[in-house]
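First the structure, in the form of structure tokens, and then the observations on it.
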Amino acid sequence: MTPHRVVYWNIPDHAWMYLPFAVLVVVFCYGFYRRWRIWSKGQRRPIGPWGPRLRRLGRHAGLQSGVVKRRLQGYAHVALAVAFILLFIGTLVVMLKSDFGLPVMQGAFYLWFESFTLDAAGLAGIVALAIFLWRRYGLRPQALSREAADFFVPFSLLIILITGFVLQSLRIYATHDPWGGYSFVGYALASLWGALHLGIPAALLIHRSLWWFHLLLAFSFLAAIPYSKMMHLFTGPLAIFLSEPTRGSGLDSPNLETAERLGVNFLSDLTVKDLVDLDACTECGRCQDACPAFASGKPLSPKQVILDLREHARSRPNEPLTLAIKDETLFACTTCRACQEACPVDIEHVPKIVGMRRFRAMEEGEIPAGLSDAVQGIEERGHPFRGSQASRTTWMEGLDLRVWQEGTPCETLLWVGCAGAFDPRAQKVARALAQLLLAMGEDVKVLGGRESCTGDPARRAGQEYLYQIQAQQNVELLQQVAPKRIVTMCPHCMQQLRNEYRDFGANFEVVHHSEYLSMALVTGRISHAAGGKRVTYHDPCYLSRYNGIVDAPREVLSGAGMELTEMPRHGTDSFCCGAGGGWAFREEGAPRVNRLRAKEAVETGAEVVATSCPFCLNMMSDGVRAEGGGEVQDIAEILWEQVATSPVAD
Amino acid sequence: MRVIAFVKSILDPEAPPGAIRFDSGRAQGDVGQVLGPYEGNALELAAQIAEGSGGAFVAIALGGKEQETALRKALALGATSAVRVEREEGFHDPLATAREMQAAAEAAGGADVYVFGRQAGDWDQAVTAGLFAGLAGLPLVPIVQGAEVRGAALSVRREIQGGYEEGEISPPCVLSASNGPGTLLRLPKVKDVMMANRKPIEVRPAISPSGGFKVSDLRANAASRAGRRIEGDLKSQAEALAQDLRRVIPGIGGGA
Amino acid sequence: MRVGAIVRADDQHAREVISLAKTLGGADAATFALLAEPAQTRAGVGAVRGAVVSPDADLAELAAAVGALLGDSAPDVILIPDGPLFEAVGARLAGSLGRTAARDVASVEIEGETLRVVKGAFGGKAAVALEATGCAVLGVRQGASEAQELSELPVAMVDVPHTEPLLVQRRAVRDSAGDDLGAAKVIVSGGRGLGSKDAYESLREVATLLGASLGASRAAVDEGWATPSQQVGITGQKVAPDVYFAIGISGASQHLGGMSGARYVVAVNRDEKAPIFVAADVGVVADWHALWPELRRALTGA
């Protein structure tokens, strides 16, 4: 006899289940419609290149590559997801048999898939859920909330799985299923009933009632999906698909002259992606764990921002967003994107925050003190370093470095940046870099007094108008200069020149000095004495997360003969120095972000903390000094020290 | 209350030393023009009074095209119109300037409150508001740090030695604005900036009154001291500095 | 030309200005003084005419007193000490007389009908020499001339007509923060380079340690760390301490102008190119946040 089982055994009136099923469909669709109604308020953006989006969807949703960054809960999640996919397929198989009469519930397939695999899946699901519940209620991490809904989602799944096994065991017990051993969990339970001498009529009664309970619970769970964070089954992949597929800024460059409203203050100012994000959040709290503002006690949790916006969207969709997100929260963000990097479903927090800042800054003239000085400085003097008494060329006094003249060609343009020109500490980096370039025999020029702020601090502060003026002017000038390449020592300048200026017609070859110097070391254009210090490297957010440049600066350090030791958080998982998003120009109360990061750097025991961003350099210098650590240097300074002390520079 | 604010763009006072050259009676340099710091306080004060009273607010500047920086800023902060009196850049006798302002103010329809910055950061005359008030026979409240409209009167706060005084004055009057808690220049809203950039600036010819002061010489002040630097690491810097402070200030350090 | 002077008898440089008027105008110099009380009549400021005005007189009362002193024959060149008195009445008086005016005047020369003055400009970065034919009201900077021994003259007292105050419901608030800056022997002053109110507050400890008064640059006042009365500068308080300790002040010329009377200037700033170092006797290029703990240790021995 072919191995099989009777479907709907002991449930003669199973056809009644289509009544609750109909209710389920209606409730589900209505819930989905309510979500969709909110999304449809959003601004639509062209979807653009499908290839990278689909690849990212495969990686982040299919392979859950973001989820498994946290090993334990990540793999538990994968197990649970796979288990339910298998169980869903198993249920479809039952449907094929009962409703379409297909002979699928038999033979080896029945034994090995429908029985063995599904039991294994169910068991894995139970283990995964146990891990979840233990983490949330045993370990009680701060990132996870413990509201009623947080309990009922995993608990109902657990009950569904457990009742499933009990049903299976009762069937095996009552029918003396000859193939019951393949359903090993049910089989084990069935032997328990035997040991307890459970009467057959009782078993039949319990089975029948439990079957309906199991069914109704499963249906309720499905119906509740659009009303709970289980919605991420749909919105997670959707949010991943809609997320910025390339390393851009995630910021749009609206035409402000024609814009009805400047920045974001109503749901309808957000994009569809932004609104989907709100429903994609599973409240896992990884963004909050990664956030430097949250870690330093500022009134900002990226998770809470998403949840507050979601609550706002559902309860008062037509009211201004300033009711949901306060200025202290909005302007606490360093735009470091650690939250986005951590988010398993690619929620984009930073563009929402910058969007709302735009509204505050442009429509209402509200920018926090300090930052507003910097923004005014850009407007009046083309740089944010208010009070500086330097000129754009003070730093290069005594160097044989030429300023580009109109009508002359330009091979390599050194874009110094405002920090390099006006900040006393960063001036030294600019000198080191210029000397390296000169030592390489590079035909290098600077723009001198014609260089002007890229506008990055203004853009991050929400002053998009000023930013766009700066961007247009700079692009125009650079098109006139037409350098073969632009080298810059500032990741923020680079982010503008290389990526964000594309919206203004820029298409230049822009390299960060780490890339240029590492290439020069590889090709042997620089030679030097051996170094040998123990160095740890702090990845600037705008270099690592925004531009994926993590190897080049390390190559420069190892090329300079340094021994590299890593901090726990490095590469694209780097922790912000605290300067981003305009904080370089603001006064931060204790505890400061830079202290947290500096502590981490000092604990590596490195003699030198290296970085490759003038803002990180200042922040880390302050922090490392306060933490009692050693020197903080830019990679260009470290390399130049080696080159300058070489006996023969050939 | 109708408000007239006199504003001025000046060579950036935060320009690095030596960036502005002084010769043949002129100040020149490759330095940007910015709104004078006290004119910024004047703008803020004027904007507050205009807002508080619902009155019109006219901004007037004397000079060449360079003055448009200041006037655009005034328009962005809510000035209803802007007037530039076409006049050569550089030094002008302050009484002549005050007469020029009086003529421009009359042409603009006059005002209840005239607001000046206490001192333009280029020629540092710091007398124009007073001269204007004297010529017009209006009361002057110097060094105003804040004002509030109270019905038909204006409650003002002005700096006095070692503090400030507050009181009410009934316009017409002249205020000279200084920096203080109530006069910190706000950031304009971008919509207003864009609108300001589209608004016309009325240009009037100067009446060019004669007489008064002329520049016979202008020269840079020499640096006064030759600074000695304390070098070394932080600890030795601190010790050397402490030693130096002990030398010049007897009896410090709690008996150390 | 007839030269006159109007001073407040208790003004710091009243006698300097009277002396200058006498030097320029000779015997018929018209020297007028506002006196705090009738007893000051014989205080020897060298005035020929006096009027009593209370120290916290209203603007209108001051103007009335000055008017009463001048009577109906104002001297051609009127010298007033540059400071609160000039601020209150000087320029307005010039305007109502239809004369020009100048302030921050460092020197005055009269040759026939030609009046020559030198005054500061561009926040003290420059000095400008001005020439005019005719009458003027001048605000004379402290130190522009030497105070001479002034013989006691009989002072003719004039009555100040009663005036309605310019500011009604007037209330004066003393802000002791900057009270003693003018007379302070040691001043510790902070600027934008400090970065925060907390850092500025740390200067209080420095001030206590050095027995100093606390000053500020305009930037520190605008940031709200210090009160306007603490502002040192050409338009703020002009100070002349024995020691001026500038911390985190880059040294805008406006500020340098206000502290140029200091005998000994110590500066701490991160930026080695900061102009404050040019105006300082001793300079330390360092970050105050890092230097302060070390300095405190060095000063207290703790």
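Going through the structure tokens in order, the chains are called A, B, and so on, while each chain numbers its residues from 1 and the ligands are numbered from 1 in the order shown.
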
- Could you list the residues in chain B lying within 6 Å of chain C, using only C-alpha atoms, and format the result as a PyMOL selection string? chain B and resi 95+121-124+127+130-131+133-135+162-169+212-221+224-225+227-230+235+238-239+242+252-253

Kindly save the residues from that selection, with C-alpha atoms included, as an mmCIF file, in the first residue's frame.
```cif
data_model
loop_
_atom_site.group_PDB
_atom_site.id
_atom_site.type_symbol
_atom_site.label_atom_id
_atom_site.label_comp_id
_atom_site.auth_asym_id
_atom_site.auth_seq_id
_atom_site.Cartn_x
_atom_site.Cartn_y
_atom_site.Cartn_z
ATOM 1 C CA LEU B 95 26.493 114.978 8.299
ATOM 2 C CA GLY B 121 32.088 98.491 10.801
ATOM 3 C CA ASP B 122 34.028 100.185 8.022
ATOM 4 C CA TRP B 123 34.488 103.869 8.816
ATOM 5 C CA ASP B 124 33.319 103.440 12.401
ATOM 6 C CA VAL B 127 27.359 109.340 14.703
ATOM 7 C CA GLY B 130 22.468 111.030 16.227
ATOM 8 C CA LEU B 131 23.075 113.471 13.388
ATOM 9 C CA ALA B 133 17.911 112.666 14.888
ATOM 10 C CA GLY B 134 19.381 116.113 15.439
ATOM 11 C CA LEU B 135 18.637 117.258 11.889
ATOM 12 C CA GLY B 162 26.972 98.307 33.778
ATOM 13 C CA GLY B 163 23.581 97.112 32.675
ATOM 14 C CA TYR B 164 20.562 98.243 30.781
ATOM 15 C CA GLU B 165 17.484 100.374 31.164
ATOM 16 C CA GLU B 166 14.003 99.798 29.897
ATOM 17 C CA GLY B 167 11.259 102.265 29.249
ATOM 18 C CA GLU B 168 8.613 103.373 26.817
ATOM 19 C CA ILE B 169 8.892 105.927 24.104
ATOM 20 C CA GLY B 212 32.174 118.411 6.233
ATOM 21 C CA PHE B 213 35.033 116.015 6.639
ATOM 22 C CA LYS B 214 37.241 114.747 3.858
ATOM 23 C CA VAL B 215 39.874 112.044 4.132
ATOM 24 C CA SER B 216 43.388 113.402 4.021
ATOM 25 C CA ASP B 217 45.109 110.190 4.967
ATOM 26 C CA LEU B 218 44.267 106.575 5.695
ATOM 27 C CA ARG B 219 46.745 104.067 6.964
ATOM 28 C CA ALA B 220 46.788 100.697 8.615
ATOM 29 C CA ASN B 221 47.561 100.596 12.290
ATOM 30 C CA SER B 224 51.166 96.824 18.643
ATOM 31 C CA ARG B 225 53.192 94.059 20.236
ATOM 32 C CA GLY B 227 54.241 88.311 20.794
ATOM 33 C CA ARG B 228 56.450 85.735 22.430
ATOM 34 C CA ARG B 229 55.245 82.177 21.970
ATOM 35 C CA ILE B 230 55.245 79.509 24.609
ATOM 36 C CA LYS B 235 52.256 70.281 30.283
ATOM 37 C CA ALA B 238 50.862 75.146 31.035
ATOM 38 C CA GLU B 239 53.784 75.390 33.425
ATOM 39 C CA ALA B 242 51.499 79.618 34.981
ATOM 40 C CA ILE B 252 47.776 84.024 42.755
ATOM 41 C CA GLY B 253 47.285 80.349 43.237
#
```

Could you write out as a short mmCIF file (atom, residue, chain, number, x, y, z; two decimals) with N, CA, C and O atoms, in the first residue's frame the residues of chain A within 10 Å of chain C, counting only C-alpha atoms?
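The resulting file, result-v7.cif, is shown below:
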```
data_model
loop_
_atom_site.label_atom_id
_atom_site.label_comp_id
_atom_site.auth_asym_id
_atom_site.auth_seq_id
_atom_site.Cartn_x
_atom_site.Cartn_y
_atom_site.Cartn_z
N ALA A 369 21.48 76.82 17.10
CA ALA A 369 22.61 77.75 17.25
C ALA A 369 23.90 77.02 16.92
O ALA A 369 24.01 75.82 17.12
N GLY A 370 24.86 77.73 16.47
CA GLY A 370 26.13 77.11 16.11
C GLY A 370 26.08 76.64 14.67
O GLY A 370 26.81 77.13 13.81
N ASP A 373 25.21 79.53 12.55
CA ASP A 373 26.41 80.34 12.31
C ASP A 373 27.19 79.79 11.12
O ASP A 373 27.65 80.54 10.26
N ARG A 386 33.24 80.08 10.99
CA ARG A 386 33.03 81.43 11.47
C ARG A 386 34.16 81.82 12.41
O ARG A 386 34.58 81.05 13.26
N GLY A 387 34.67 83.02 12.20
CA GLY A 387 35.69 83.51 13.12
C GLY A 387 37.09 83.17 12.69
O GLY A 387 38.05 83.64 13.28
N SER A 388 37.22 82.35 11.64
CA SER A 388 38.58 82.02 11.19
C SER A 388 39.21 83.25 10.56
O SER A 388 38.57 84.02 9.87
N GLN A 389 40.48 83.40 10.83
CA GLN A 389 41.17 84.57 10.28
C GLN A 389 42.10 84.16 9.14
O GLN A 389 42.91 84.93 8.68
N ALA A 390 41.99 82.90 8.73
CA ALA A 390 42.85 82.44 7.63
C ALA A 390 42.22 82.81 6.30
O ALA A 390 41.05 83.16 6.22
N THR A 394 46.29 80.47 3.14
CA THR A 394 47.20 80.57 4.29
C THR A 394 47.93 79.26 4.54
O THR A 394 49.13 79.24 4.80
N TRP A 395 47.20 78.15 4.43
CA TRP A 395 47.76 76.84 4.79
C TRP A 395 48.93 76.45 3.89
O TRP A 395 49.78 75.66 4.28
N PHE A 422 40.79 76.33 6.64
CA PHE A 422 40.52 77.23 7.77
C PHE A 422 40.72 76.62 9.15
O PHE A 422 40.82 77.33 10.13
N ASP A 423 40.70 75.30 9.24
CA ASP A 423 40.85 74.69 10.56
C ASP A 423 42.33 74.44 10.84
O ASP A 423 43.00 73.78 10.04
N PRO A 424 42.85 74.95 11.94
CA PRO A 424 44.29 74.86 12.18
C PRO A 424 44.82 73.42 12.17
O PRO A 424 45.92 73.18 11.67
N ARG A 425 44.04 72.48 12.67
CA ARG A 425 44.51 71.10 12.69
C ARG A 425 44.51 70.51 11.28
O ARG A 425 45.46 69.85 10.86
N PHE A 585 29.84 71.79 13.97
CA PHE A 585 29.73 73.22 14.26
C PHE A 585 28.82 73.51 15.44
O PHE A 585 28.46 74.64 15.70
N ARG A 586 28.43 72.44 16.13
CA ARG A 586 27.53 72.65 17.26
C ARG A 586 28.20 72.18 18.53
O ARG A 586 29.10 71.36 18.50
N GLU A 587 27.72 72.69 19.60
CA GLU A 587 28.25 72.26 20.89
C GLU A 587 27.38 71.14 21.42
O GLU A 587 26.17 71.23 21.46
N GLU A 588 28.05 70.06 21.77
CA GLU A 588 27.34 68.87 22.19
C GLU A 588 27.48 68.72 23.70
O GLU A 588 28.56 68.90 24.25
N GLY A 589 26.37 68.41 24.36
CA GLY A 589 26.46 68.18 25.80
C GLY A 589 27.03 66.80 26.08
O GLY A 589 27.08 65.95 25.20
N ASP A 622 40.10 65.43 20.14
CA ASP A 622 39.52 65.86 21.42
C ASP A 622 39.23 64.66 22.30
O ASP A 622 39.56 64.63 23.48
N ARG A 625 42.35 62.55 23.45
CA ARG A 625 43.08 63.26 24.49
C ARG A 625 42.38 63.11 25.83
O ARG A 625 42.99 62.79 26.85
N ALA A 626 41.04 63.29 25.79
CA ALA A 626 40.28 63.19 27.04
C ALA A 626 40.32 61.78 27.60
O ALA A 626 40.24 61.59 28.82
#
```

Could you list, with a cut-off of 8 Å and counting only C-alpha atoms, the residues of chain A near chain B, each shown with its nearest atom pair and the distance in Å rounded to one decimal, rows sorted by chain and ascending number, as a Markdown table?
```
| residue | atom | partner | partner_atom | distance |
| --- | --- | --- | --- | --- |
| A:Glu257 | CA | B:Met194 | CA | 7.6 |
| A:Ala361 | CA | B:Lys189 | CA | 7.4 |
| A:Met362 | CA | B:Val190 | CA | 4.8 |
| A:Glu363 | CA | B:Lys189 | CA | 5.3 |
| A:Glu364 | CA | B:Lys189 | CA | 5.5 |
| A:Gly365 | CA | B:Lys189 | CA | 4.8 |
| A:Glu366 | CA | B:Leu187 | CA | 7.2 |
| A:Ser372 | CA | B:Leu187 | CA | 7.7 |
| A:Glu380 | CA | B:Val34 | CA | 6.3 |
| A:Arg381 | CA | B:Gly32 | CA | 6.9 |
| A:Gly387 | CA | B:Glu14 | CA | 6.6 |
| A:Ser388 | CA | B:Glu14 | CA | 7.6 |
| A:Gln389 | CA | B:Pro16 | CA | 4.4 |
| A:Ala390 | CA | B:Pro16 | CA | 5.6 |
| A:Ser391 | CA | B:Pro16 | CA | 6.3 |
| A:Tyr465 | CA | B:Val190 | CA | 7.0 |
```

- Item | Those of region 95-213 of chain A in DSSP alpha helix (DSSP H), formatted as a ChimeraX atom specification | /A:95-100,107-109,118-133,148-175,184-196,200-213

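CA of Lys238 (chain C) is positioned 25.2 Å from CA of Leu241 (chain B).
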